[in-house]
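Below is the file data.cif, which contains mmCIF, C-alpha atoms.
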data_run
loop_
_atom_site.label_atom_id
_atom_site.label_comp_id
_atom_site.auth_asym_id
_atom_site.auth_seq_id
_atom_site.Cartn_x
_atom_site.Cartn_y
_atom_site.Cartn_z
CA MET A 2 0.00 0.00 0.00
CA ALA A 3 1.43 3.41 -1.03
CA THR A 4 2.37 5.81 1.75
CA SER A 5 1.26 9.44 1.75
CA SER A 6 4.86 10.57 1.11
CA SER A 7 5.20 8.31 -1.95
CA CYS A 8 1.84 9.56 -3.27
CA SER A 9 3.04 13.13 -2.81
CA SER A 10 6.25 12.32 -4.66
CA LEU A 11 4.28 10.76 -7.54
CA LYS A 12 2.09 13.85 -7.74
CA GLN A 13 5.14 16.10 -7.86
CA HIS A 14 6.70 14.05 -10.65
CA PHE A 15 3.43 14.07 -12.55
CA LEU A 16 3.14 17.85 -12.20
CA VAL A 17 6.70 18.30 -13.47
CA PHE A 18 5.90 16.00 -16.41
CA LEU A 19 2.69 17.93 -17.13
CA ILE A 20 4.50 21.27 -17.04
CA VAL A 21 7.12 19.98 -19.50
CA ILE A 22 4.41 18.73 -21.87
CA ILE A 23 2.40 21.98 -21.70
CA SER A 24 5.54 24.04 -22.19
CA SER A 25 6.46 21.94 -25.21
CA ILE A 26 3.01 22.47 -26.75
CA ILE A 27 3.05 26.22 -26.16
CA ASN A 28 6.53 26.69 -27.62
CA SER A 29 6.07 24.44 -30.64
CA PRO A 30 4.49 25.35 -33.99
CA VAL A 31 0.75 25.14 -33.55
CA ASN A 32 0.15 22.60 -36.26
CA GLY A 33 2.83 20.09 -35.31
CA CYS A 34 3.41 19.54 -39.05
CA PHE A 35 5.63 22.24 -40.51
CA THR A 36 9.22 22.81 -39.46
CA SER A 37 9.87 25.53 -42.04
CA ILE A 38 8.15 27.86 -44.52
CA PHE A 39 9.50 28.89 -47.93
CA SER A 40 7.64 31.54 -49.89
CA PHE A 41 7.79 32.84 -53.45
CA GLY A 42 5.98 35.74 -55.08
CA ASP A 43 5.98 39.50 -55.56
CA SER A 44 5.40 42.64 -53.47
CA LEU A 45 2.36 41.13 -51.75
CA THR A 46 4.77 38.71 -50.05
CA ASP A 47 8.10 40.58 -50.15
CA THR A 48 9.36 41.06 -46.58
CA GLY A 49 12.37 43.12 -47.68
CA ASN A 50 14.04 41.42 -50.65
CA LEU A 51 13.80 44.32 -53.11
CA LEU A 52 15.20 46.64 -50.46
CA GLN A 53 18.11 44.28 -49.74
CA ILE A 54 18.83 43.92 -53.46
CA SER A 55 18.98 47.71 -53.83
CA LEU A 56 21.34 47.99 -50.88
CA SER A 57 23.69 45.27 -52.16
CA ASP A 58 23.62 46.72 -55.70
CA SER A 59 23.92 50.33 -54.47
CA THR A 60 20.87 51.33 -56.48
CA LYS A 61 18.02 53.63 -55.54
CA PRO A 62 16.01 52.11 -52.66
CA PRO A 63 12.36 51.27 -53.37
CA HIS A 64 9.75 53.62 -51.95
CA SER A 65 8.88 50.92 -49.39
CA ALA A 66 12.19 51.81 -47.71
CA PHE A 67 10.70 55.07 -46.41
CA LEU A 68 7.94 56.14 -44.07
CA PRO A 69 4.98 55.99 -43.95
CA TYR A 70 5.58 52.35 -44.98
CA GLY A 71 5.67 50.23 -41.82
CA ARG A 72 3.96 52.88 -39.67
CA THR A 73 1.20 50.68 -38.22
CA PHE A 74 3.07 47.72 -36.70
CA PHE A 75 6.83 48.07 -37.08
CA HIS A 76 6.77 51.88 -36.72
CA HIS A 77 9.56 52.06 -39.29
CA PRO A 78 9.95 50.91 -42.90
CA THR A 79 11.08 47.31 -43.44
CA GLY A 80 10.84 47.03 -47.21
CA ARG A 81 7.29 45.65 -47.00
CA PHE A 82 4.84 47.33 -49.36
CA CYS A 83 2.31 47.91 -46.61
CA ASP A 84 1.66 50.01 -43.55
CA GLY A 85 2.35 46.90 -41.45
CA ARG A 86 2.38 43.13 -41.79
CA LEU A 87 1.67 41.01 -44.85
CA VAL A 88 -0.35 37.81 -45.12
CA ILE A 89 2.89 35.79 -44.96
CA ASP A 90 3.76 37.52 -41.68
CA PHE A 91 0.43 36.64 -40.07
CA LEU A 92 0.67 33.10 -41.41
CA ALA A 93 4.16 32.56 -40.02
CA GLU A 94 3.20 34.10 -36.68
CA ALA A 95 0.11 31.94 -36.28
CA LEU A 96 2.09 28.80 -37.14
CA GLY A 97 4.63 29.56 -34.42
CA PHE A 98 7.43 30.93 -36.63
CA SER A 99 9.32 34.18 -36.63
CA PHE A 100 8.78 36.48 -39.60
CA LEU A 101 10.42 34.95 -42.65
CA PRO A 102 13.79 36.56 -43.39
CA PRO A 103 14.34 37.84 -46.94
CA PHE A 104 16.84 35.69 -48.83
CA TYR A 105 18.35 38.24 -51.19
CA GLY A 106 21.17 40.37 -49.87
CA SER A 107 22.24 37.67 -47.41
CA GLN A 108 25.86 36.58 -47.44
CA SER A 109 26.71 33.12 -48.76
CA GLY A 110 27.91 30.90 -45.94
CA LYS A 111 25.76 32.71 -43.37
CA TRP A 112 22.52 30.96 -44.16
CA GLU A 113 21.83 29.33 -40.79
CA LYS A 114 18.97 31.79 -40.26
CA PHE A 115 17.08 30.12 -43.12
CA GLN A 116 16.82 26.74 -41.38
CA LYS A 117 13.19 27.45 -40.48
CA GLY A 118 12.36 29.14 -43.72
CA ALA A 119 13.15 31.92 -46.16
CA ASN A 120 11.30 34.41 -48.29
CA PHE A 121 12.24 34.64 -51.98
CA ALA A 122 9.39 36.95 -53.03
CA VAL A 123 10.56 40.15 -54.68
CA ALA A 124 8.44 43.23 -55.31
CA SER A 125 7.67 43.73 -59.02
CA ALA A 126 8.69 40.13 -59.79
CA THR A 127 6.84 38.41 -62.61
CA ALA A 128 5.96 34.80 -63.29
CA LEU A 129 7.27 34.95 -66.83
CA ASN A 130 10.91 35.60 -67.67
CA SER A 131 11.66 39.31 -67.99
CA SER A 132 13.35 38.87 -71.38
CA PHE A 133 10.25 37.15 -72.76
CA LEU A 134 8.02 39.94 -71.46
CA ALA A 135 10.37 42.54 -72.95
CA GLU A 136 9.91 40.88 -76.35
CA GLN A 137 6.16 41.54 -75.90
CA GLY A 138 6.91 45.16 -75.09
CA ILE A 139 6.18 44.67 -71.36
CA HIS A 140 8.82 45.99 -69.00
CA SER A 141 9.24 45.49 -65.27
CA VAL A 142 9.58 48.69 -63.29
CA SER A 143 11.96 47.67 -60.50
CA THR A 144 13.53 44.25 -61.10
CA ASN A 145 14.19 41.59 -63.71
CA ILE A 146 13.56 38.77 -61.21
CA SER A 147 10.97 36.18 -62.19
CA LEU A 148 9.52 33.11 -60.48
CA GLY A 149 12.13 30.94 -62.18
CA VAL A 150 14.91 33.05 -60.67
CA GLU A 151 13.33 32.75 -57.21
CA VAL A 152 13.04 28.95 -57.48
CA ASN A 153 16.66 28.71 -58.67
CA SER A 154 17.73 30.81 -55.67
CA PHE A 155 15.93 28.35 -53.41
CA LYS A 156 17.70 25.42 -55.10
CA HIS A 157 20.99 27.24 -54.55
CA LEU A 158 20.21 27.63 -50.85
CA LEU A 159 18.93 24.10 -50.24
CA PRO A 160 22.29 22.23 -49.96
CA SER A 161 23.26 24.62 -47.16
CA LEU A 162 20.21 23.52 -45.17
CA CYS A 163 20.56 19.75 -45.56
CA SER A 164 23.62 17.54 -45.96
CA SER A 165 22.18 14.83 -48.20
CA SER A 166 19.42 14.21 -50.74
CA SER A 167 17.41 12.14 -48.25
CA TYR A 168 17.73 14.80 -45.56
CA CYS A 169 16.69 17.49 -48.05
CA LYS A 170 13.60 15.46 -48.93
CA GLU A 171 12.83 15.14 -45.22
CA LEU A 172 13.23 18.89 -44.77
CA LEU A 173 10.91 19.65 -47.68
CA ARG A 174 8.39 17.02 -46.62
CA ASN A 175 7.94 18.97 -43.39
CA SER A 176 7.91 22.40 -45.05
CA LEU A 177 5.06 24.62 -46.17
CA ILE A 178 5.65 26.09 -49.63
CA VAL A 179 3.77 29.34 -50.31
CA MET A 180 3.66 29.78 -54.09
CA GLY A 181 2.52 33.32 -54.69
CA GLU A 182 0.45 35.23 -55.28
CA ILE A 183 2.48 35.50 -58.48
CA GLY A 184 1.56 36.57 -62.00
CA GLY A 185 -0.21 39.76 -61.05
CA ASN A 186 2.69 41.91 -62.24
CA ASP A 187 2.78 40.22 -65.64
CA TYR A 188 -0.73 41.58 -66.13
CA ASN A 189 -0.48 44.84 -64.18
CA HIS A 190 2.65 45.97 -66.01
CA ALA A 191 0.95 45.18 -69.32
CA PHE A 192 -2.27 47.03 -68.42
CA MET A 193 -0.40 50.07 -67.08
CA GLN A 194 1.78 50.15 -70.20
CA GLY A 195 -1.28 50.24 -72.47
CA LYS A 196 -1.26 46.74 -73.94
CA HIS A 197 -4.52 45.46 -75.45
CA ILE A 198 -6.51 43.12 -73.23
CA GLU A 199 -6.62 40.36 -75.86
CA ASN A 200 -2.83 40.30 -75.96
CA ILE A 201 -2.69 40.25 -72.17
CA ARG A 202 -5.17 37.35 -72.06
CA LYS A 203 -2.70 35.34 -74.14
CA LEU A 204 -0.24 35.59 -71.23
CA VAL A 205 -2.58 33.84 -68.78
CA PRO A 206 -1.97 30.20 -69.83
CA LEU A 207 1.76 30.94 -69.97
CA VAL A 208 1.73 32.37 -66.44
CA VAL A 209 -0.25 29.41 -65.11
CA ASP A 210 2.16 27.02 -66.83
CA ILE A 211 5.14 28.66 -65.09
CA ILE A 212 3.42 28.36 -61.71
CA SER A 213 2.66 24.72 -62.45
CA SER A 214 6.20 23.89 -63.58
CA SER A 215 7.63 25.59 -60.47
CA ILE A 216 5.39 23.47 -58.24
CA ASN A 217 6.37 20.30 -60.09
CA GLU A 218 10.03 21.22 -59.80
CA LEU A 219 9.70 21.51 -56.03
CA ILE A 220 7.71 18.26 -55.86
CA GLU A 221 10.67 16.54 -57.52
CA LEU A 222 12.89 17.90 -54.75
CA GLY A 223 10.58 16.48 -52.07
CA ALA A 224 8.02 19.20 -51.23
CA VAL A 225 4.53 17.87 -50.42
CA THR A 226 2.46 20.83 -49.15
CA PHE A 227 1.79 23.90 -51.29
CA LEU A 228 -0.32 26.95 -50.60
CA VAL A 229 -1.22 28.56 -53.94
CA PRO A 230 -3.21 31.81 -53.85
CA GLY A 231 -5.15 33.10 -56.82
CA ASN A 232 -5.26 36.62 -58.18
CA PHE A 233 -7.04 39.50 -56.45
CA PRO A 234 -9.90 41.54 -57.97
CA ILE A 235 -7.70 43.96 -59.89
CA GLY A 236 -10.75 45.88 -61.09
CA CYS A 237 -10.98 47.33 -57.56
CA SER A 238 -7.36 48.55 -57.51
CA PRO A 239 -7.04 52.37 -57.33
CA SER A 240 -4.06 52.20 -59.71
CA LEU A 241 -6.00 50.48 -62.50
CA LEU A 242 -9.18 52.42 -61.74
CA THR A 243 -7.11 55.57 -62.26
CA LYS A 244 -5.55 54.19 -65.45
CA PHE A 245 -8.98 53.45 -66.94
CA HIS A 246 -10.82 56.38 -65.37
CA GLY A 247 -13.56 57.63 -67.64
CA SER A 248 -14.64 54.21 -68.86
CA GLU A 249 -18.27 53.78 -69.89
CA LYS A 250 -20.65 53.70 -66.93
CA ASP A 251 -21.85 50.17 -67.71
CA GLN A 252 -18.29 48.87 -67.26
CA TYR A 253 -18.45 49.52 -63.51
CA ASP A 254 -20.09 47.33 -60.91
CA PRO A 255 -22.89 49.57 -59.54
CA LEU A 256 -22.53 48.05 -56.04
CA THR A 257 -18.76 48.25 -55.61
CA GLY A 258 -17.54 50.76 -58.19
CA CYS A 259 -14.98 48.24 -59.46
CA LEU A 260 -14.32 47.73 -63.16
CA THR A 261 -16.16 44.55 -64.10
CA TRP A 262 -14.04 43.59 -67.10
CA LEU A 263 -10.81 43.77 -65.09
CA ASN A 264 -12.30 41.59 -62.36
CA GLN A 265 -13.42 39.13 -65.03
CA PHE A 266 -9.80 39.00 -66.16
CA SER A 267 -8.72 38.05 -62.63
CA GLN A 268 -11.38 35.35 -62.54
CA HIS A 269 -10.13 34.00 -65.87
CA HIS A 270 -6.62 33.64 -64.42
CA ASN A 271 -7.99 31.96 -61.31
CA GLU A 272 -10.11 29.53 -63.30
CA LEU A 273 -7.14 28.36 -65.37
CA LEU A 274 -4.97 28.16 -62.27
CA ARG A 275 -7.50 26.01 -60.40
CA LYS A 276 -7.80 23.63 -63.34
CA GLU A 277 -4.04 23.26 -63.53
CA LEU A 278 -3.75 22.64 -59.79
CA GLU A 279 -6.34 19.89 -60.15
CA ASN A 280 -4.20 18.34 -62.87
CA ILE A 281 -1.23 18.33 -60.50
CA ARG A 282 -3.36 16.73 -57.77
CA ASN A 283 -4.37 13.97 -60.18
CA LEU A 284 -0.75 13.34 -61.13
CA HIS A 285 0.46 13.49 -57.52
CA PRO A 286 -2.39 12.34 -55.24
CA GLN A 287 -0.03 12.23 -52.25
CA ILE A 288 0.71 15.97 -52.56
CA ASN A 289 -1.29 18.65 -50.73
CA ILE A 290 -2.15 21.44 -53.20
CA ILE A 291 -4.15 24.10 -51.36
CA TYR A 292 -5.72 26.79 -53.51
CA VAL A 293 -6.57 30.01 -51.67
CA ASP A 294 -9.38 32.05 -53.21
CA TYR A 295 -8.09 35.56 -52.60
CA TYR A 296 -10.56 36.93 -55.13
CA LYS A 297 -13.63 35.72 -53.23
CA ALA A 298 -12.13 36.71 -49.88
CA ALA A 299 -11.28 40.23 -51.02
CA MET A 300 -14.63 40.89 -52.72
CA ARG A 301 -16.32 40.57 -49.33
CA PHE A 302 -14.62 43.83 -48.32
CA TYR A 303 -16.06 45.69 -51.31
CA HIS A 304 -19.54 44.20 -50.99
CA SER A 305 -19.86 44.76 -47.22
CA PRO A 306 -17.23 47.33 -46.20
CA LYS A 307 -18.96 48.43 -43.00
CA GLN A 308 -18.98 44.86 -41.72
CA PHE A 309 -15.16 44.95 -41.78
CA GLY A 310 -14.78 48.54 -40.57
CA PHE A 311 -13.83 50.09 -43.92
CA LYS A 312 -14.85 53.64 -44.76
CA GLU A 313 -12.85 53.96 -48.00
CA THR A 314 -12.88 51.07 -50.43
CA LEU A 315 -11.44 52.49 -53.66
CA LYS A 316 -9.17 55.30 -52.46
CA ALA A 317 -5.51 54.87 -51.49
CA CYS A 318 -4.59 55.69 -47.90
CA CYS A 319 -1.15 56.86 -48.99
CA GLY A 320 -1.72 58.70 -52.24
CA ILE A 321 -2.52 62.00 -53.85
CA GLY A 322 -4.93 63.41 -56.39
CA GLY A 323 -7.87 62.27 -58.43
CA LEU A 324 -10.99 60.29 -57.65
CA TYR A 325 -9.00 57.38 -56.23
CA ASN A 326 -6.26 59.34 -54.43
CA TYR A 327 -3.63 57.80 -56.70
CA ASP A 328 -1.07 59.29 -59.08
CA PRO A 329 1.16 56.83 -61.00
CA LEU A 330 3.95 59.43 -61.12
CA ILE A 331 4.04 60.12 -57.37
CA TYR A 332 4.98 57.12 -55.22
CA CYS A 333 4.03 56.79 -51.57
CA GLY A 334 7.24 57.14 -49.56
CA TYR A 335 9.11 59.28 -52.07
CA PRO A 336 8.94 63.08 -51.72
CA PRO A 337 6.59 64.84 -51.73
CA LEU A 338 4.32 61.98 -50.62
CA LYS A 339 5.59 61.27 -47.11
CA GLN A 340 2.24 61.21 -45.32
CA SER A 341 -0.76 58.93 -45.35
CA CYS A 342 -4.33 58.92 -44.08
CA ASN A 343 -4.96 59.16 -40.35
CA ASP A 344 -6.44 55.67 -39.99
CA PRO A 345 -5.15 53.01 -42.42
CA SER A 346 -7.46 50.41 -40.84
CA SER A 347 -10.44 52.21 -42.39
CA TYR A 348 -8.96 51.83 -45.90
CA ILE A 349 -8.72 48.72 -48.06
CA SER A 350 -5.89 50.05 -50.24
CA TRP A 351 -2.66 51.24 -48.70
CA ASP A 352 -0.85 52.87 -51.63
CA GLY A 353 -3.15 52.28 -54.58
CA ILE A 354 -1.62 48.90 -55.40
CA HIS A 355 -1.21 47.03 -52.12
CA TYR A 356 -3.56 46.30 -49.25
CA THR A 357 -3.45 47.71 -45.73
CA GLU A 358 -2.34 45.55 -42.82
CA VAL A 359 -5.90 45.05 -41.59
CA VAL A 360 -6.89 43.56 -44.96
CA ASN A 361 -3.95 41.15 -44.77
CA LYS A 362 -5.06 40.20 -41.27
CA TRP A 363 -8.50 39.29 -42.58
CA LEU A 364 -7.06 37.41 -45.56
CA VAL A 365 -4.99 35.06 -43.40
CA HIS A 366 -8.25 33.78 -41.95
CA THR A 367 -9.14 32.50 -45.43
CA VAL A 368 -5.70 30.89 -45.68
CA PHE A 369 -6.24 28.98 -42.44
CA GLU A 370 -9.71 27.88 -43.42
CA GLU A 371 -8.22 26.27 -46.55
CA LEU A 372 -5.30 24.77 -44.63
CA MET A 373 -7.51 23.18 -41.98
CA SER A 374 -9.99 21.84 -44.51
CA THR A 375 -7.22 20.23 -46.57
CA ILE A 376 -4.81 18.84 -43.97
CA PRO A 377 -6.49 16.45 -41.48
CA SER A 378 -3.78 16.88 -38.84
CA LEU A 379 -4.53 20.60 -38.69
CA GLY A 380 -8.24 19.93 -38.25
CA SER A 381 -7.61 17.46 -35.43
CA LEU A 382 -5.71 20.15 -33.53
CA ARG A 383 -8.39 22.82 -33.90
CA PRO A 384 -9.75 22.75 -30.33
CA SER A 385 -6.52 23.17 -28.40
CA SER A 386 -3.93 24.78 -30.56
CA THR A 387 -4.35 26.31 -34.00
CA VAL A 388 -7.71 27.96 -33.50
CA ASN A 389 -6.98 29.06 -29.94
CA LYS A 390 -3.75 30.63 -31.09
CA LEU A 391 -5.59 32.43 -33.87
CA ARG A 392 -8.18 33.67 -31.38
CA ILE A 393 -5.46 35.03 -29.11
CA LEU A 394 -3.51 36.66 -31.94
CA TYR A 395 -6.50 37.90 -33.94
CA PRO A 396 -9.73 38.08 -31.87
CA MET A 397 -11.65 39.40 -34.90
CA PHE A 398 -11.59 35.99 -36.60
CA GLY A 399 -14.22 34.24 -34.50
CA VAL A 400 -13.04 30.82 -35.74
#
Would you put the structure from the file into structure tokens?
Amino acid sequence: MATSSSCSSLKQHFLVFLIVIISSIINSPVNGCFTSIFSFGDSLTDTGNLLQISLSDSTKPPHSAFLPYGRTFFHHPTGRFCDGRLVIDFLAEALGFSFLPPFYGSQSGKWEKFQKGANFAVASATALNSSFLAEQGIHSVSTNISLGVEVNSFKHLLPSLCSSSSYCKELLRNSLIVMGEIGGNDYNHAFMQGKHIENIRKLVPLVVDIISSSINELIELGAVTFLVPGNFPIGCSPSLLTKFHGSEKDQYDPLTGCLTWLNQFSQHHNELLRKELENIRNLHPQINIIYVDYYKAAMRFYHSPKQFGFKETLKACCGIGGLYNYDPLIYCGYPPLKQSCNDPSSYISWDGIHYTEVVNKWLVHTVFEELMSTIPSLGSLRPSSTVNKLRILYPMFGV
């Protein structure tokens, strides 16, 4: 028969064991699945790559290198094209990671910081090769980096993170790959440079093919989980609304004020992308391909702005002039445009092209809904970890 002292000792050991287990759960990634995140894309995901490239090349820094960029969360510019955090930042944070460090500008041989992930997204990057686009008369404003360049950079980094092919496959099997959003600049550059829509539509299958081939390339290396966002409703972008200001009245959505034909273009891209992702799923049934419908998620803000706290849906918070507070010749951050609206959280658009932090915060909810509906292990952890962590970080979600 156990004595009271031995019972007390057992209780103490059990409490110590319980504390260790609880501490382990709290300090581990919430999903228990991913050990690293690698992301690719453009300015919607760039956490400082274009800035680092400009510093290493001694070229003019992008306007995201200056206030008021970063004013909301970081209180200083970080190279992000936003007043605060991006979707990738919220995603990493909710999964228990630090913000993903930008890859470009880092010194070779000092890549230990990328063991838990890296960000290869570069502002103004395109899906298609810059030389091919130049042959079509479409020119990138800030960089000649394309998705292929980003993927090759990742392949260059990979041997520094794992010592053998089998270990690299293990690393990638436990990684989340965020593929985009990418392709938006192929279209935006073309629209802003006055190309005809029928010629731009011809780019869509080529863009989707590049995204597909990049995913397949990473599958060959061992990656198994991909998050692939679609395109946003570009017909609601102040930059393109300004470009096509004065269009016929029947070309605008009477409810939102967005240009219908431009939004239909985004939907066309998304439709082709979804079909191609389904083809990849059929070829690789063991691979998790998670499509994120950014278009549908974003349109909620324009249809019901008051529900999300938005007072301005089509005007830029950091901008100047015209109906949409946007001038393509005056960039937010560069003189004379060094100030923004008083309350970015009441605006959907930050600078006429990119979203405000609060929009990105709402969008990550859609990302998690797709993740948890696709990966069973995430769903099984809903009650105690993932959802609770989301509730603590972002009470607005109500998940």
Give me the stretch 105-197 of chain A side of the contact with stretch 281-289 of chain A, cut-off 12 Å, one line per residue showing its nearest atom pair and distance in Å at one decimal, counting all atoms listed in the file, sorted by chain and residue number, as JSON lines.
{"residue": "A:Leu173", "atom": "CA", "partner": "A:Ile288", "partner_atom": "CA", "distance": 11.9}
{"residue": "A:Arg174", "atom": "CA", "partner": "A:Ile288", "partner_atom": "CA", "distance": 9.8}
{"residue": "A:Asn175", "atom": "CA", "partner": "A:Asn289", "partner_atom": "CA", "distance": 11.8}
{"residue": "A:Ser176", "atom": "CA", "partner": "A:Asn289", "partner_atom": "CA", "distance": 11.4}
{"residue": "A:Leu177", "atom": "CA", "partner": "A:Asn289", "partner_atom": "CA", "distance": 9.8}
{"residue": "A:Ile178", "atom": "CA", "partner": "A:Asn289", "partner_atom": "CA", "distance": 10.2}
{"residue": "A:Val179", "atom": "CA", "partner": "A:Asn289", "partner_atom": "CA", "distance": 11.8}
- Item | Result set of the PyMOL selection byres ((chain A and resi 210-213) around 10) on the coordinates above, as an MDAnalysis selection string | chainID A and resid 128:130 147:149 180:184 204:209 214:218 229 273:274 277:278 280:281
Using the file's own x, y and z axes, what box holds all listed atoms of stretch 157-162 of chain A with 5 Å on each side, keeping edges along x, y and z, and what are its centre and edge lengths in Å to one decimal, as AutoDock Vina command-line options?
--center_x 21.1 --center_y 24.9 --center_z -49.9 --size_x 14.3 --size_y 15.4 --size_z 19.4
- Note on the structure: From atom CA of A:Ile235 to atom CA of A:Asn189 the spacing works out at 8.4 Å
- Enter the distance from atom CA of A:Pro329 to atom CA of A:Arg81, in Å, rounded to one decimal.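 According to the coordinates, atom CA of A:Pro329 and atom CA of A:Arg81 are separated by 18.9 Å.
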- Leaving out A:Thr367 and any residue of its chain fewer than 4 positions from it, which residues lie within 10 Å of it when counting only C-alpha atoms, given as an MDAnalysis selection string? chainID A and resid 293:295 297:299 362:363 371:372 398
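Shortest atom-to-atom contact with A:Ala93 among A:Met300, A:Gly231, A:Asp251, A:Val365: A:Val365, counting only C-alpha atoms.
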- Which value, in Å to one decimal, gives the distance between atom CA of A:Leu241 and atom CA of A:Arg202?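 Interatomic distance here is 16.3 Å.
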- With distances taken over all atoms listed in the file, which of A:His157, A:Ser267, A:Lys111, A:Asp328 is nearest to A:Ile198? A:Ser267
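The closest residue to A:Val368, picked from A:Ser350, A:Lys114, A:Pro230, A:Ser238 and counting all atoms listed in the file, is A:Pro230.
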- Query: If the PyMOL selection byres ((chain A and resi 171) around 12) is run on the structure shown, which residues does it catch, given as number ranges by chain?
  - Reply: A: 35-37, 159, 162-170, 172-176, 222-225
Residues matched by the PyMOL selection byres ((chain A and resi 234) around 12), written as a short mmCIF file (atom, residue, chain, number, x, y, z; two decimals) with C-alpha atoms, keeping the file's coordinate frame:
data_model
loop_
_atom_site.label_atom_id
_atom_site.label_comp_id
_atom_site.auth_asym_id
_atom_site.auth_seq_id
_atom_site.Cartn_x
_atom_site.Cartn_y
_atom_site.Cartn_z
CA GLY A 185 -0.21 39.76 -61.05
CA ASN A 189 -0.48 44.84 -64.18
CA GLY A 231 -5.15 33.10 -56.82
CA ASN A 232 -5.26 36.62 -58.18
CA PHE A 233 -7.04 39.50 -56.45
CA ILE A 235 -7.70 43.96 -59.89
CA GLY A 236 -10.75 45.88 -61.09
CA CYS A 237 -10.98 47.33 -57.56
CA SER A 238 -7.36 48.55 -57.51
CA PRO A 239 -7.04 52.37 -57.33
CA LEU A 241 -6.00 50.48 -62.50
CA LEU A 242 -9.18 52.42 -61.74
CA THR A 257 -18.76 48.25 -55.61
CA GLY A 258 -17.54 50.76 -58.19
CA CYS A 259 -14.98 48.24 -59.46
CA LEU A 260 -14.32 47.73 -63.16
CA THR A 261 -16.16 44.55 -64.10
CA TRP A 262 -14.04 43.59 -67.10
CA LEU A 263 -10.81 43.77 -65.09
CA ASN A 264 -12.30 41.59 -62.36
CA GLN A 265 -13.42 39.13 -65.03
CA PHE A 266 -9.80 39.00 -66.16
CA SER A 267 -8.72 38.05 -62.63
CA GLN A 268 -11.38 35.35 -62.54
CA HIS A 269 -10.13 34.00 -65.87
CA HIS A 270 -6.62 33.64 -64.42
CA ASN A 271 -7.99 31.96 -61.31
CA ASP A 294 -9.38 32.05 -53.21
CA TYR A 295 -8.09 35.56 -52.60
CA TYR A 296 -10.56 36.93 -55.13
CA LYS A 297 -13.63 35.72 -53.23
CA ALA A 298 -12.13 36.71 -49.88
CA ALA A 299 -11.28 40.23 -51.02
CA MET A 300 -14.63 40.89 -52.72
CA ARG A 301 -16.32 40.57 -49.33
CA PHE A 302 -14.62 43.83 -48.32
CA TYR A 303 -16.06 45.69 -51.31
CA LEU A 315 -11.44 52.49 -53.66
CA ILE A 354 -1.62 48.90 -55.40
CA HIS A 355 -1.21 47.03 -52.12
CA TYR A 356 -3.56 46.30 -49.25
#
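Nearest residue to A:Ile376 among A:Ser65, A:Ser347, A:Asn200, A:Thr226 is A:Thr226, counting all atoms listed in the file.
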- Using only C-alpha atoms, determine which residues lie at most 6 Å from A:Pro78, disregarding the query and same-chain residues fewer than 2 positions distant; provide the list as a list in words. Ala66, Phe67, Leu68, Tyr70, Gly71 and Gly80 of chain A
- Residues within 12 Å of (5.5, 43.4, -41.7), counting all atoms listed in the file, listed as a PyMOL selection string: chain A and resi 44-49+65+70-94+99-103+357-359+361-362
- Item | Nearest to A:Val152 by atom-to-atom distance, counting only C-alpha atoms, from A:Asn50, A:Ser40, A:Ser131, A:Ser57 |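 The closest residue to A:Val152 is A:Ser40.
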- Task: Give me the residues within 9 Å of A:Ser141 as a VMD selection string, counting all atoms listed in the file and dropping any in the same chain fewer than 2 places off.
- Result: chain A and resid 125 to 127 131 134 to 135 139 143 to 146 186 to 187 190
